[in-house]
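One structure below.
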Amino acid sequence: MTTTFDRLVIEPRRTDEPHAKPGRTKETEAAQSPSMVMLVLLAAAGVVVYATFLLNPANRGDWLPYLMVITAETVLVVHALLSMWTILSAGYDPRGFSFHHAQDRLYGISEIVRDRAQNRPRDWQMYLDERPVGIDVFITTYGEDLDTIRKTVSAALGMHGKHEVWVLDDGRSDEVRDLAAQLGARYVRRLSKNGAKAGNLNHALSITNGELFVVFDADFVPMPDFLHETVPFFASDDVAFVQTPQTYGNLHTVISKGAGYMQTVFYRFIQPGRNRFNAAFCVGTNVIYRRAAIDDVGGIYSDSKSEDVWTSLMLHEKGWRTIYIPKTLAVGDTPETVEAYTKQQLRWATGGFEIMLTHNPMSPKRNLTLDQRLQYTVTATFYLTGIAPLLLLAVPPLQIFFNLTPMNLTMTPLTWLLYYSGFYVLQVLVAWYALGSFRWQTLMLAAVSFPIYTRALLNAIFRREQAWHVTGSKGAYRSPFAFIQPQVLTFVFLALTTVVGAWKDLSNGYPSLALAWNATNTLILGGFVLAAWREGHGARRSIRAERRAAHVAPALATAGAA
């Protein structure tokens with residue numbers, strides 16, 4: 001009986017096949033679906049029609065709310081159109097002839113035959129162009145719990161293909177050191193924490209010599225075939241790194257579901273589309289690099305906490321090629337709490353705004369193609385779409401309190417709703433199709449995260465140092481309300497505005513669009529506040545249970561001794 005790896009080596013792919021690129025694959029099938037293409041085209045048309053409607057001078061209302069709507073919607077419309085363009089490019093599969101040719105010859109037949117009795121594919125030497133390739137696997141840790149690290153290190157050790165696993169511990173934990181020794185991994189502890197994660201990786205590169213190196217966050221557990229599916233790409237000398245998706249296994253809270261599903265469209269459609277433009281960027285984990293490429297740009301970029309995107313930009317400016325494959329090869333954790341989500345988004349958004357303000361991709365100084373300039377501009381300005389809801393939240397109160405309307409009062413609510421739906425409803429339908437169902441948690445987080453992104457923009461403008469936080473780290477409990485005070489105040493203000501608007505509509509004898517709009521915003525903010533309250537209530541209950549257990553255990557021990 002032969003194994004999969006036996007077949008890969010003993011029965012190689014024919015080299016005279018006429019097609020340099022395979023057709024539809026499991027990963028690209030969704031992007032190539034005619035239904036998806038139709039939805040994207042309809043949504044793009046809806047965006048254009050809505051933009052035309054807003055810009056029509058005949059539809060303009062009072063200047064202040066109108067400018068607020070135009071500013072917010074311009075950001076949203078431009079990003080929506082660019083996203084549609086990228087999604088329509090997502091059917092491209094980077095696994096061409098050279099990949100399959102290299103994958104078929106990745107292992108030596110003699111080693112597999114010799115190892116047949118022990119069946120230890122993790123010891124099989126990998127080859128590229130008939131020469132052995134050295135691979136280092138870096139697992140970065142900074143305060144994660146031992147069980148989390150144990151799962152990741154154990155899985156990394158078990159990956160198919162010969163490699164060396166290194167635990168890079170910036171938490172300086174003796175328990176992590178002992179765990180690494182117990183599992184059989186190498187352990188590295190720096191003398192300083194300069195450069196955060198980037199500094200940790202650069203230090204590891206200075207003491208290792210693998211031609212390729214893999215990076216996993218401590219909470220992302222790799223699958224056995226990670227190297228088998230990524231290493232063959234490096235048969236092409238111009239490939240700098242191969243990125244795989246972040247797939248999450250902890251979607252059991254409102255926050256984790258919203259944060260996790262928020263990334264789905266990006267990993268299933270946006271990143272694959274960027275392959276077409278050689279603009280797929282690294283996301284910090286589940287990635288394998290060519291050491292020579294990183295050496296070419298002076299190491300992992302360490303002047304930003306978003307070292308992944310910055311390093312990708314430096315590589316593209318140097319002419320390197322990057323690959324993204326939409327195949328799950330590691331499963332990890334997304335933020336489960338308001339605190340973790342806030343800190344993660346603040347770090348990501350600050351990094352994007354730093355690019356926008358200090359390294360404009362559209363500048364003629366950048367050695368990028370036009371497609372790459374556009375893609376990095378989208379990346380640098382993406383989090384402006386999270387600030388736009390703040391402007392839109394303020395529009396209904398202007399009408400309720402001051403009778404200032406963004407659009408012409410002679411327009412019927414049905415007309416406004418028709419154009420509005422052509423934009424937003426079709427966007428929701430695209431996301432619904434991509435996710436497989438309606439994910440209200442994602443829409444809620446997208447609408448209520450404006451304080452995070454506003455703070456990130458200010459951090460980037462004033463060059464404030466952004467503290468490093470790890471998604472999976474465990475620390476002392478802090479109430480979620482310590483991180484959402486702006487959202488709570490906004491909710492209270494909108495709730496009072498809804499009451500005032502309802503009273504005015506009753507006096508006028510007819511319902512207004514402003515009241516419906518404001519009431520909807522109030523419900524969204526209220527849902528988020530409720531989720532935070534439930535999170536805090538659950539955490540306090542767990543703490544009380546732990547304290548009771550801590551008191552009961554000594555009493556039981558004393559009773560047993562007596």
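Residues are referred to by chain and number: the chain letter is A, B, ... according to the order shown in the structure tokens, the number counts from 1 in that chain, and ligands are numbered separately from 1 in the order shown.
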Need to verify the contact set: region 355-370 of chain A, 12 Å, only C-alpha atoms, exclusion of same-chain residues closer than 4 positions in sequence. Can you return it as a ChimeraX atom specification?
/A:277-279,303-307,309-321,348-351,374-384,457-463
DSSP on the backbone: which residues in region 256-376 of chain A end up as strand (DSSP E or B)? Give the answer as number ranges by chain.
A: 287-290, 321-324, 330-332
Need to verify the contact set: region 127-136 of chain A, 9 Å, only C-alpha atoms, exclusion of same-chain residues closer than 3 positions in sequence. Can you return it as a ChimeraX atom specification?
/A:102-103,105-108,161-166,208-215,231-232,234-235
Could you name the residues that touch Val37 (chain A) at 12 Å or less, counting only C-alpha atoms, but leaving out those on the same chain fewer than 2 positions away, as an NGL selection string?
:A and (29-35 or 39-44 or 84-91 or 269 or 430 or 433-434)
Export, as a tab-separated table (two decimals), in the first residue's frame, the selected residues with N, CA, C and O atoms.
chain	number	residue	atom	x	y	z
A	29	GLU	N	-12.74	28.03	-6.63
A	29	GLU	CA	-14.05	27.79	-7.23
A	29	GLU	C	-15.07	28.84	-6.84
A	29	GLU	O	-15.86	29.30	-7.67
A	30	ALA	N	-15.07	29.24	-5.56
A	30	ALA	CA	-16.05	30.24	-5.11
A	30	ALA	C	-15.86	31.56	-5.84
A	30	ALA	O	-16.82	32.21	-6.25
A	31	ALA	N	-14.61	31.97	-6.02
A	31	ALA	CA	-14.33	33.24	-6.70
A	31	ALA	C	-14.70	33.17	-8.17
A	31	ALA	O	-15.06	34.18	-8.77
A	32	GLN	N	-14.60	31.98	-8.77
A	32	GLN	CA	-14.90	31.83	-10.18
A	32	GLN	C	-16.38	31.51	-10.44
A	32	GLN	O	-16.79	31.37	-11.58
A	33	SER	N	-17.16	31.41	-9.37
A	33	SER	CA	-18.58	31.07	-9.51
A	33	SER	C	-19.30	32.14	-10.33
A	33	SER	O	-19.17	33.34	-10.04
A	34	PRO	N	-20.07	31.76	-11.33
A	34	PRO	CA	-20.85	32.75	-12.10
A	34	PRO	C	-21.78	33.56	-11.21
A	34	PRO	O	-22.00	34.75	-11.46
A	35	SER	N	-22.34	32.92	-10.17
A	35	SER	CA	-23.23	33.65	-9.27
A	35	SER	C	-22.48	34.75	-8.53
A	35	SER	O	-22.99	35.86	-8.35
A	39	LEU	N	-23.16	38.76	-8.79
A	39	LEU	CA	-23.43	39.59	-7.63
A	39	LEU	C	-22.45	40.76	-7.53
A	39	LEU	O	-22.84	41.88	-7.22
A	40	VAL	N	-21.19	40.48	-7.80
A	40	VAL	CA	-20.17	41.54	-7.73
A	40	VAL	C	-20.45	42.62	-8.78
A	40	VAL	O	-20.36	43.82	-8.50
A	41	LEU	N	-20.81	42.20	-9.98
A	41	LEU	CA	-21.11	43.18	-11.04
A	41	LEU	C	-22.34	44.00	-10.69
A	41	LEU	O	-22.37	45.22	-10.91
A	42	LEU	N	-23.37	43.36	-10.14
A	42	LEU	CA	-24.57	44.09	-9.72
A	42	LEU	C	-24.25	45.07	-8.60
A	42	LEU	O	-24.72	46.21	-8.60
A	43	ALA	N	-23.43	44.61	-7.64
A	43	ALA	CA	-23.05	45.49	-6.53
A	43	ALA	C	-22.24	46.68	-7.03
A	43	ALA	O	-22.42	47.81	-6.56
A	44	ALA	N	-21.35	46.44	-7.99
A	44	ALA	CA	-20.57	47.53	-8.56
A	44	ALA	C	-21.48	48.54	-9.26
A	44	ALA	O	-21.30	49.76	-9.14
A	84	MET	N	-14.46	45.36	-5.40
A	84	MET	CA	-15.11	44.59	-6.46
A	84	MET	C	-14.11	44.23	-7.56
A	84	MET	O	-14.09	43.12	-8.07
A	85	TRP	N	-13.30	45.19	-7.91
A	85	TRP	CA	-12.28	44.97	-8.94
A	85	TRP	C	-11.32	43.86	-8.52
A	85	TRP	O	-10.95	42.98	-9.30
A	86	THR	N	-10.91	43.88	-7.24
A	86	THR	CA	-9.99	42.86	-6.75
A	86	THR	C	-10.67	41.50	-6.68
A	86	THR	O	-10.07	40.47	-7.03
A	87	ILE	N	-11.92	41.47	-6.21
A	87	ILE	CA	-12.64	40.20	-6.10
A	87	ILE	C	-12.80	39.54	-7.46
A	87	ILE	O	-12.67	38.32	-7.60
A	88	LEU	N	-13.07	40.34	-8.49
A	88	LEU	CA	-13.23	39.77	-9.83
A	88	LEU	C	-11.93	39.17	-10.36
A	88	LEU	O	-11.95	38.42	-11.33
A	89	SER	N	-10.82	39.50	-9.73
A	89	SER	CA	-9.53	38.94	-10.13
A	89	SER	C	-9.14	37.72	-9.31
A	89	SER	O	-8.05	37.17	-9.49
A	90	ALA	N	-10.03	37.29	-8.42
A	90	ALA	CA	-9.66	36.28	-7.44
A	90	ALA	C	-9.66	34.85	-7.99
A	90	ALA	O	-9.32	33.93	-7.26
A	91	GLY	N	-10.03	34.66	-9.23
A	91	GLY	CA	-10.03	33.31	-9.78
A	91	GLY	C	-8.66	32.82	-10.20
A	91	GLY	O	-8.51	31.65	-10.57
A	269	PHE	N	-11.30	36.16	-0.92
A	269	PHE	CA	-11.47	36.85	-2.20
A	269	PHE	C	-10.47	37.98	-2.44
A	269	PHE	O	-9.94	38.10	-3.55
A	430	VAL	N	-23.33	40.37	-1.24
A	430	VAL	CA	-22.02	39.83	-1.62
A	430	VAL	C	-21.35	39.17	-0.42
A	430	VAL	O	-20.82	38.06	-0.51
A	433	TYR	N	-23.12	35.91	0.45
A	433	TYR	CA	-22.72	34.81	-0.44
A	433	TYR	C	-21.33	34.31	-0.09
A	433	TYR	O	-21.06	33.09	-0.08
A	434	ALA	N	-20.42	35.23	0.23
A	434	ALA	CA	-19.05	34.84	0.55
A	434	ALA	C	-18.98	34.06	1.85
A	434	ALA	O	-18.21	33.08	1.97
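In this model, the gap between CA of Ala532 (chain A) and CA of Ala196 (chain A) comes to 29.5 Å.
Surrounding region 331-339 of chain A within 6 Å are Asp219, Phe220, Val221, Thr247, Tyr248, Gly249, Asn250, Ile255, Ser256, Gly260, Tyr341, Thr342, Thr471 and Pro480 of chain A, with only C-alpha atoms counted and residues fewer than 2 positions along the same chain left out.
Rounded to one decimal, CA of Thr253 (chain A) and CA of Ala447 (chain A) lie 17.7 Å from each other.
Using only C-alpha atoms, the shortest contact distance between Thr52 (chain A) and any of A:Tyr92, A:Trp533, A:Trp440, A:Tyr420 is found at A:Tyr420.
Taking CA of Arg274 (chain A) as the reference point, CA of Val242 (chain A) is found at 12.8 Å.
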Assign secondary structure with DSSP using the backbone only, and return the residues of region 20-84 of chain A in helix (DSSP H, G or I) as an MDAnalysis selection string.
chainID A and resid 29:32 34:55 57:59 63:84
Pick the closest to Arg540 (chain A) from A:Pro245, A:Ala394, A:Thr410, A:Ser479: which is it, counting only C-alpha atoms?
A:Ser479
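For the residues A:Gly195, A:Pro396, A:Pro224, A:Asn59, ranking by smallest atom-to-atom distance to Arg120 (chain A) using only C-alpha atoms places A:Pro224 first.
Proximity ranking of A:Phe401, A:Ile543, A:Ile524, A:Asp238 relative to Ala502 (chain A) places A:Phe401 first, based on only C-alpha atoms.
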Find the residues near region 508-520 of chain A: any atom within 10 Å, counting only C-alpha atoms, skip ones fewer than 4 places away on the same chain, and give them as a list of chain:residue names.
A:Leu392, A:Leu393, A:Ala394, A:Val395, A:Pro396, A:Pro397, A:Leu398, A:Gln399, A:Ile400, A:Asn403, A:Thr405, A:Thr412, A:Pro413, A:Leu414, A:Trp416, A:Leu417, A:Leu494, A:Ala495, A:Thr497, A:Thr498, A:Val499, A:Val500, A:Gly501, A:Ala502, A:Trp503, A:Lys504, A:Ile524, A:Leu525, A:Gly526
Would you save the residues of that selection, restricted to C-alpha atoms, as a PDB file, in the first residue's frame?
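What landed in again.pdb:
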ATOM      1  CA  LEU A 392     -23.113  58.973   9.266  1.00  0.00           C
ATOM      2  CA  LEU A 393     -24.158  58.488  12.904  1.00  0.00           C
ATOM      3  CA  ALA A 394     -24.184  62.278  13.365  1.00  0.00           C
ATOM      4  CA  VAL A 395     -26.467  63.028  10.404  1.00  0.00           C
ATOM      5  CA  PRO A 396     -29.897  61.985  11.847  1.00  0.00           C
ATOM      6  CA  PRO A 397     -29.421  64.013  15.067  1.00  0.00           C
ATOM      7  CA  LEU A 398     -28.749  67.110  12.942  1.00  0.00           C
ATOM      8  CA  GLN A 399     -32.158  66.679  11.345  1.00  0.00           C
ATOM      9  CA  ILE A 400     -33.955  65.769  14.561  1.00  0.00           C
ATOM     10  CA  ASN A 403     -33.983  70.325  10.954  1.00  0.00           C
ATOM     11  CA  THR A 405     -31.309  67.376   6.127  1.00  0.00           C
ATOM     12  CA  THR A 412     -39.771  60.598  -1.045  1.00  0.00           C
ATOM     13  CA  PRO A 413     -38.347  58.178   1.542  1.00  0.00           C
ATOM     14  CA  LEU A 414     -38.979  55.359  -0.946  1.00  0.00           C
ATOM     15  CA  TRP A 416     -33.943  57.476  -1.023  1.00  0.00           C
ATOM     16  CA  LEU A 417     -34.363  53.875   0.173  1.00  0.00           C
ATOM     17  CA  LEU A 494     -28.535  58.208  20.193  1.00  0.00           C
ATOM     18  CA  ALA A 495     -31.109  56.667  22.529  1.00  0.00           C
ATOM     19  CA  THR A 497     -32.154  61.425  20.241  1.00  0.00           C
ATOM     20  CA  THR A 498     -34.493  58.595  19.260  1.00  0.00           C
ATOM     21  CA  VAL A 499     -36.887  59.572  22.063  1.00  0.00           C
ATOM     22  CA  VAL A 500     -36.828  63.213  20.930  1.00  0.00           C
ATOM     23  CA  GLY A 501     -37.309  62.185  17.304  1.00  0.00           C
ATOM     24  CA  ALA A 502     -40.285  59.965  18.179  1.00  0.00           C
ATOM     25  CA  TRP A 503     -41.884  62.821  20.142  1.00  0.00           C
ATOM     26  CA  LYS A 504     -41.411  65.223  17.196  1.00  0.00           C
ATOM     27  CA  ILE A 524     -26.659  48.540  16.639  1.00  0.00           C
ATOM     28  CA  LEU A 525     -24.791  50.401  19.387  1.00  0.00           C
ATOM     29  CA  GLY A 526     -27.121  48.882  21.972  1.00  0.00           C
TER      30      GLY A 526
END
